$ cat start-v2.cif   # mmCIF, C-alpha atoms
data_start
loop_
_atom_site.label_atom_id
_atom_site.label_comp_id
_atom_site.auth_asym_id
_atom_site.auth_seq_id
_atom_site.Cartn_x
_atom_site.Cartn_y
_atom_site.Cartn_z
CA ARG A 1 105.60 93.73 105.86
CA ALA A 2 103.50 95.59 108.42
CA SER A 3 105.21 93.61 111.20
CA TRP A 4 108.61 94.50 109.78
CA ARG A 5 107.74 98.21 109.66
CA ILE A 6 106.44 98.20 113.23
CA VAL A 7 109.47 96.31 114.57
CA SER A 8 111.86 98.60 112.65
CA SER A 9 110.13 101.64 114.13
CA ILE A 10 110.38 100.21 117.65
CA GLU A 11 114.05 99.39 117.01
CA GLN A 12 114.77 103.02 116.05
CA LYS A 13 113.00 104.31 119.17
CA GLU A 14 114.93 101.93 121.42
CA GLU A 15 118.23 102.88 119.73
CA SER A 16 117.53 106.55 120.39
CA LYS A 17 116.92 105.70 124.07
CA GLY A 18 120.24 103.84 124.18
CA SER A 19 118.58 100.63 125.33
CA GLU A 20 121.15 98.12 124.02
CA ALA A 21 119.55 95.00 125.51
CA HIS A 22 116.18 95.79 123.92
CA VAL A 23 117.81 96.72 120.61
CA ALA A 24 119.68 93.39 120.41
CA MET A 25 116.48 91.46 121.05
CA ILE A 26 114.54 93.53 118.51
CA LYS A 27 117.27 93.10 115.86
CA THR A 28 117.06 89.32 116.28
CA TYR A 29 113.28 89.41 115.88
CA ARG A 30 113.51 91.76 112.87
CA ALA A 31 116.02 89.40 111.22
CA LYS A 32 113.57 86.52 111.70
CA ILE A 33 110.76 88.54 110.10
CA GLU A 34 113.06 89.47 107.19
CA GLU A 35 113.98 85.82 106.68
CA GLU A 36 110.30 84.80 106.56
CA LEU A 37 109.42 87.69 104.23
CA ALA A 38 112.28 86.84 101.87
CA GLU A 39 111.19 83.20 101.75
CA ILE A 40 107.57 84.11 100.97
CA CYS A 41 108.63 86.61 98.30
CA GLN A 42 111.00 84.09 96.67
CA ASP A 43 108.26 81.43 96.60
CA ILE A 44 105.83 83.82 94.91
CA LEU A 45 108.48 85.05 92.46
CA LYS A 46 109.27 81.44 91.51
CA VAL A 47 105.60 80.74 90.70
CA LEU A 48 105.40 83.97 88.69
CA GLU A 49 108.59 83.29 86.71
CA ASP A 50 108.13 79.54 86.18
CA HIS A 51 104.39 79.37 85.50
CA LEU A 52 102.29 82.53 85.42
CA ILE A 53 104.35 84.92 83.27
CA PRO A 54 105.36 82.36 80.60
CA ASN A 55 101.72 81.22 80.22
CA ALA A 56 100.07 84.66 80.24
CA GLU A 57 98.42 85.38 76.90
CA LEU A 58 96.12 88.35 77.47
CA GLY A 59 97.56 91.83 77.94
CA GLU A 60 95.68 92.16 81.22
CA SER A 61 97.35 89.01 82.61
CA LYS A 62 100.80 89.97 81.34
CA VAL A 63 100.59 93.39 82.99
CA PHE A 64 99.21 91.95 86.22
CA TYR A 65 101.91 89.29 86.57
CA HIS A 66 104.81 91.57 85.64
CA LYS A 67 103.45 94.18 88.07
CA MET A 68 103.28 91.49 90.74
CA LYS A 69 106.87 90.50 89.99
CA GLY A 70 107.89 94.15 90.39
CA ASP A 71 105.95 94.37 93.65
CA TYR A 72 107.59 91.33 95.23
CA HIS A 73 111.09 92.42 94.23
CA ARG A 74 110.21 95.85 95.69
CA TYR A 75 109.19 94.19 98.95
CA LEU A 76 112.60 92.48 99.06
CA ALA A 77 114.33 95.80 98.34
CA GLU A 78 112.50 97.44 101.26
CA PHE A 79 114.55 95.55 103.83
CA ALA A 80 117.57 94.26 101.90
CA THR A 81 120.93 96.02 102.05
CA GLY A 82 123.99 96.30 99.83
CA ASP A 83 124.14 94.10 96.72
CA LYS A 84 120.90 92.30 97.64
CA ARG A 85 119.03 95.60 97.70
CA LYS A 86 120.53 96.67 94.37
CA ASP A 87 119.65 93.32 92.79
CA ALA A 88 116.05 93.40 94.08
CA SER A 89 115.70 97.03 93.01
CA ASP A 90 117.04 96.33 89.50
CA LYS A 91 114.73 93.34 89.06
CA SER A 92 111.77 95.35 90.32
CA LEU A 93 112.50 98.17 87.88
CA GLU A 94 112.83 95.70 85.00
CA ALA A 95 109.51 94.01 85.86
CA TYR A 96 107.66 97.31 86.22
CA LYS A 97 109.05 98.48 82.87
CA SER A 98 107.93 95.24 81.20
CA ALA A 99 104.46 95.67 82.68
CA SER A 100 104.35 99.31 81.55
CA ASP A 101 105.33 98.44 77.98
CA VAL A 102 102.40 96.03 77.71
CA ALA A 103 99.97 98.28 79.63
CA ILE A 104 100.57 101.27 77.35
CA THR A 105 99.87 99.26 74.20
CA GLU A 106 97.12 96.92 75.41
CA LEU A 107 95.16 98.54 78.26
CA PRO A 108 93.24 101.82 78.33
CA PRO A 109 94.49 104.51 80.75
CA THR A 110 91.41 103.97 82.93
CA HIS A 111 91.94 100.22 83.36
CA PRO A 112 92.32 99.38 87.08
CA ILE A 113 95.34 97.13 86.45
CA ARG A 114 97.12 99.85 84.46
CA LEU A 115 96.33 102.39 87.17
CA GLY A 116 97.46 99.97 89.90
CA LEU A 117 100.71 99.49 88.03
CA ALA A 118 101.26 103.26 87.86
CA LEU A 119 100.50 103.55 91.58
CA ASN A 120 102.96 100.83 92.60
CA PHE A 121 105.63 101.84 90.09
CA SER A 122 105.49 105.44 91.35
CA VAL A 123 105.80 104.21 94.97
CA PHE A 124 108.86 102.21 93.85
CA TYR A 125 110.45 105.36 92.40
CA TYR A 126 109.65 107.33 95.54
CA GLU A 127 110.53 104.82 98.27
CA ILE A 128 113.17 102.55 96.73
CA LEU A 129 114.97 104.72 94.17
CA ASN A 130 114.50 107.94 96.20
CA SER A 131 113.38 109.70 93.05
CA PRO A 132 110.38 111.89 93.97
CA ASP A 133 110.47 113.74 90.64
CA ARG A 134 110.08 110.53 88.64
CA ALA A 135 107.46 109.23 91.08
CA CYS A 136 105.40 112.41 90.74
CA HIS A 137 105.77 112.51 86.96
CA LEU A 138 104.61 108.90 86.61
CA ALA A 139 101.67 109.30 89.02
CA LYS A 140 100.57 112.59 87.42
CA GLN A 141 100.81 111.19 83.90
CA ALA A 142 98.69 108.15 84.82
CA PHE A 143 96.14 110.33 86.63
CA ASP A 144 95.91 112.86 83.78
CA ASP A 145 95.63 110.13 81.12
CA ALA A 146 92.82 108.46 83.06
CA ILE A 147 90.97 111.76 83.66
CA ALA A 148 91.08 112.47 79.92
CA GLU A 149 89.26 109.19 79.24
CA LEU A 150 87.04 109.03 82.31
CA ASP A 151 83.88 109.14 80.18
CA THR A 152 84.87 105.84 78.52
CA LEU A 153 85.13 104.04 81.85
CA SER A 154 82.98 100.91 82.08
CA GLU A 155 80.51 100.65 84.93
CA GLU A 156 82.11 97.47 86.34
CA SER A 157 85.57 99.02 86.72
CA TYR A 158 84.45 102.56 87.65
CA LYS A 159 84.74 102.04 91.42
CA ASP A 160 88.17 100.33 91.25
CA SER A 161 89.59 102.84 88.79
CA THR A 162 88.42 105.93 90.66
CA LEU A 163 89.71 104.52 93.96
CA ILE A 164 93.18 104.00 92.47
CA MET A 165 93.04 107.46 90.88
CA GLN A 166 92.32 108.88 94.34
CA LEU A 167 95.35 107.03 95.74
CA LEU A 168 97.51 108.42 92.93
CA ARG A 169 96.27 111.91 93.73
CA ASP A 170 96.81 111.43 97.47
CA ASN A 171 100.41 110.33 96.85
CA LEU A 172 101.00 113.28 94.53
CA THR A 173 99.71 115.67 97.19
CA LEU A 174 101.87 114.09 99.90
CA TRP A 175 105.00 113.87 97.75
CA THR A 176 104.80 117.39 96.35
CA SER A 177 104.27 118.80 99.84
CA ASP A 178 107.30 116.80 101.07
CA MET A 179 109.35 118.15 98.17
CA GLN A 180 108.22 121.72 98.85
CA GLU A 181 109.07 121.39 102.55
CA GLY A 182 112.47 120.01 101.57
CA ASN A 183 113.03 122.90 99.18
CA PHE A 184 111.87 125.39 101.79
CA PHE A 185 114.22 123.87 104.35
CA PHE A 186 117.09 124.01 101.86
CA PHE A 187 116.25 127.64 101.02
CA PHE A 188 115.90 128.54 104.70
CA PHE A 189 119.16 126.78 105.60
CA PHE A 190 121.04 128.21 102.62
CA PHE A 191 119.67 131.74 103.04
CA PHE A 192 120.37 132.01 106.75
CA ASN A 193 123.74 130.26 106.67
CA THR A 194 125.40 132.25 103.87
#

$ encode --input "start-v2.cif" --output "structure tokens"
Amino acid sequence: RASWRIVSSIEQKEESKGSEAHVAMIKTYRAKIEEELAEICQDILKVLEDHLIPNAELGESKVFYHKMKGDYHRYLAEFATGDKRKDASDKSLEAYKSASDVAITELPPTHPIRLGLALNFSVFYYEILNSPDRACHLAKQAFDDAIAELDTLSEESYKDSTLIMQLLRDNLTLWTSDMQEGNFFFFFFFFFNT
């Protein structure tokens, strides 16, 4: 995925320069990376759907595997287009919702897997569904719920949980500042162009 992001960034820079020969070569390489990524994601999703999810008995395992299913469909949605993107996005949303249903009933708010789910699900809302409000609401709710029960946190999961809480908070800070800049730009544009 990192390779895909780097190549996509280079492709955009070359397009802005008008370097058609470089762009064609980069597009070919990006398509190869996308093909490899899709194959890896499909292999992992098959193992999850055929073996891991059906055999998961503990709440922790169920949440983890459904979260993973959501993650890998999200990875597909990151580079897919059209109907393939919609399909990957829908499947990701469904998997994250399944994981959330189990997490809410079977895992405490401070559990690292529940927090990791909230982190990834909120990133899905922000990056794939372009829904910063929902992303912020989900991340804030998970962070606040965990803070309220921080004193019940076990010593073995303290480090993992607090690290994920920090990531949730970092995303909230970034996303709310992006939203405020967007609102300021809209206000500035609207005010000075009316």

$ closest_residue --input "start-v2.cif" --among "A:Asp178, A:Glu149, A:Glu106, A:Glu20" --to "Val63 (chain A)" --atoms "all atoms listed in the file"
A:Glu106

$ resolve_selection --input "start-v2.cif" --expression "the PyMOL selection byres ((chain A and resi 93) around 12)" --output "PDB file with C-alpha atoms, in the coordinates of the input"
ATOM      1  CA  HIS A  66     104.810  91.570  85.640  1.00  0.00           C
ATOM      2  CA  LYS A  67     103.450  94.180  88.070  1.00  0.00           C
ATOM      3  CA  MET A  68     103.280  91.490  90.740  1.00  0.00           C
ATOM      4  CA  LYS A  69     106.870  90.500  89.990  1.00  0.00           C
ATOM      5  CA  GLY A  70     107.890  94.150  90.390  1.00  0.00           C
ATOM      6  CA  ASP A  71     105.950  94.370  93.650  1.00  0.00           C
ATOM      7  CA  TYR A  72     107.590  91.330  95.230  1.00  0.00           C
ATOM      8  CA  HIS A  73     111.090  92.420  94.230  1.00  0.00           C
ATOM      9  CA  ARG A  74     110.210  95.850  95.690  1.00  0.00           C
ATOM     10  CA  ALA A  77     114.330  95.800  98.340  1.00  0.00           C
ATOM     11  CA  LYS A  86     120.530  96.670  94.370  1.00  0.00           C
ATOM     12  CA  ASP A  87     119.650  93.320  92.790  1.00  0.00           C
ATOM     13  CA  ALA A  88     116.050  93.400  94.080  1.00  0.00           C
ATOM     14  CA  SER A  89     115.700  97.030  93.010  1.00  0.00           C
ATOM     15  CA  ASP A  90     117.040  96.330  89.500  1.00  0.00           C
ATOM     16  CA  LYS A  91     114.730  93.340  89.060  1.00  0.00           C
ATOM     17  CA  SER A  92     111.770  95.350  90.320  1.00  0.00           C
ATOM     18  CA  GLU A  94     112.830  95.700  85.000  1.00  0.00           C
ATOM     19  CA  ALA A  95     109.510  94.010  85.860  1.00  0.00           C
ATOM     20  CA  TYR A  96     107.660  97.310  86.220  1.00  0.00           C
ATOM     21  CA  LYS A  97     109.050  98.480  82.870  1.00  0.00           C
ATOM     22  CA  SER A  98     107.930  95.240  81.200  1.00  0.00           C
ATOM     23  CA  ALA A  99     104.460  95.670  82.680  1.00  0.00           C
ATOM     24  CA  SER A 100     104.350  99.310  81.550  1.00  0.00           C
ATOM     25  CA  LEU A 117     100.710  99.490  88.030  1.00  0.00           C
ATOM     26  CA  ASN A 120     102.960 100.830  92.600  1.00  0.00           C
ATOM     27  CA  PHE A 121     105.630 101.840  90.090  1.00  0.00           C
ATOM     28  CA  SER A 122     105.490 105.440  91.350  1.00  0.00           C
ATOM     29  CA  VAL A 123     105.800 104.210  94.970  1.00  0.00           C
ATOM     30  CA  PHE A 124     108.860 102.210  93.850  1.00  0.00           C
ATOM     31  CA  TYR A 125     110.450 105.360  92.400  1.00  0.00           C
ATOM     32  CA  ILE A 128     113.170 102.550  96.730  1.00  0.00           C
ATOM     33  CA  LEU A 129     114.970 104.720  94.170  1.00  0.00           C
TER      34      LEU A 129
END

$ atom_distance --input "start-v2.cif" --atom1 "CA of Asp170 (chain A)" --atom2 "CA of Ala118 (chain A)"
13.4 Å

$ resolve_selection --input "start-v2.cif" --expression "the PyMOL selection byres ((chain A and resi 10) around 12)" --output "list in words"
Ser3, Trp4, Arg5, Ile6, Val7, Ser8, Ser9, Glu11, Gln12, Lys13, Glu14, Glu15, Ser16, Lys17, Ser19, His22, Val23, Ala24, Met25, Ile26, Lys27, Tyr29 and Arg30 of chain A

$ atom_distance --input "start-v2.cif" --atom1 "CA of Arg1 (chain A)" --atom2 "CA of Leu37 (chain A)"
7.3 Å

$ atom_distance --input "start-v2.cif" --atom1 "CA of Ile40 (chain A)" --atom2 "CA of Phe64 (chain A)"
18.7 Å

$ closest_residue --input "start-v2.cif" --among "A:Leu119, A:Leu52, A:Met179, A:Leu138" --to "Met165 (chain A)" --atoms "all atoms listed in the file"
A:Leu119

$ closest_residue --input "start-v2.cif" --among "A:Tyr65, A:Tyr75, A:Trp175, A:Tyr126" --to "Ile113 (chain A)" --atoms "only C-alpha atoms"
A:Tyr65

$ residues_around --input "start-v2.cif" --residues "Leu153 (chain A)" --least-positions-apart "6" --cutoff "9 Å" --atoms "only C-alpha atoms" --output "list in words"
Thr110, His111, Ala146 and Ser161 of chain A

$ closest_residue --input "start-v2.cif" --among "A:Gly116, A:His137, A:Glu35, A:Glu127" --to "Gln166 (chain A)" --atoms "all atoms listed in the file"
A:Gly116

$ residues_around --input "start-v2.cif" --residues "Asp151 (chain A)" --least-positions-apart "4" --cutoff "12 Å" --atoms "all atoms listed in the file" --output "list in words"
Pro109, Thr110, Asp145, Ala146, Ile147, Glu155, Tyr158 and Thr162 of chain A

$ closest_residue --input "start-v2.cif" --among "A:Asn171, A:Gln180, A:Leu163, A:Asp50" --to "Pro112 (chain A)" --atoms "all atoms listed in the file"
A:Leu163
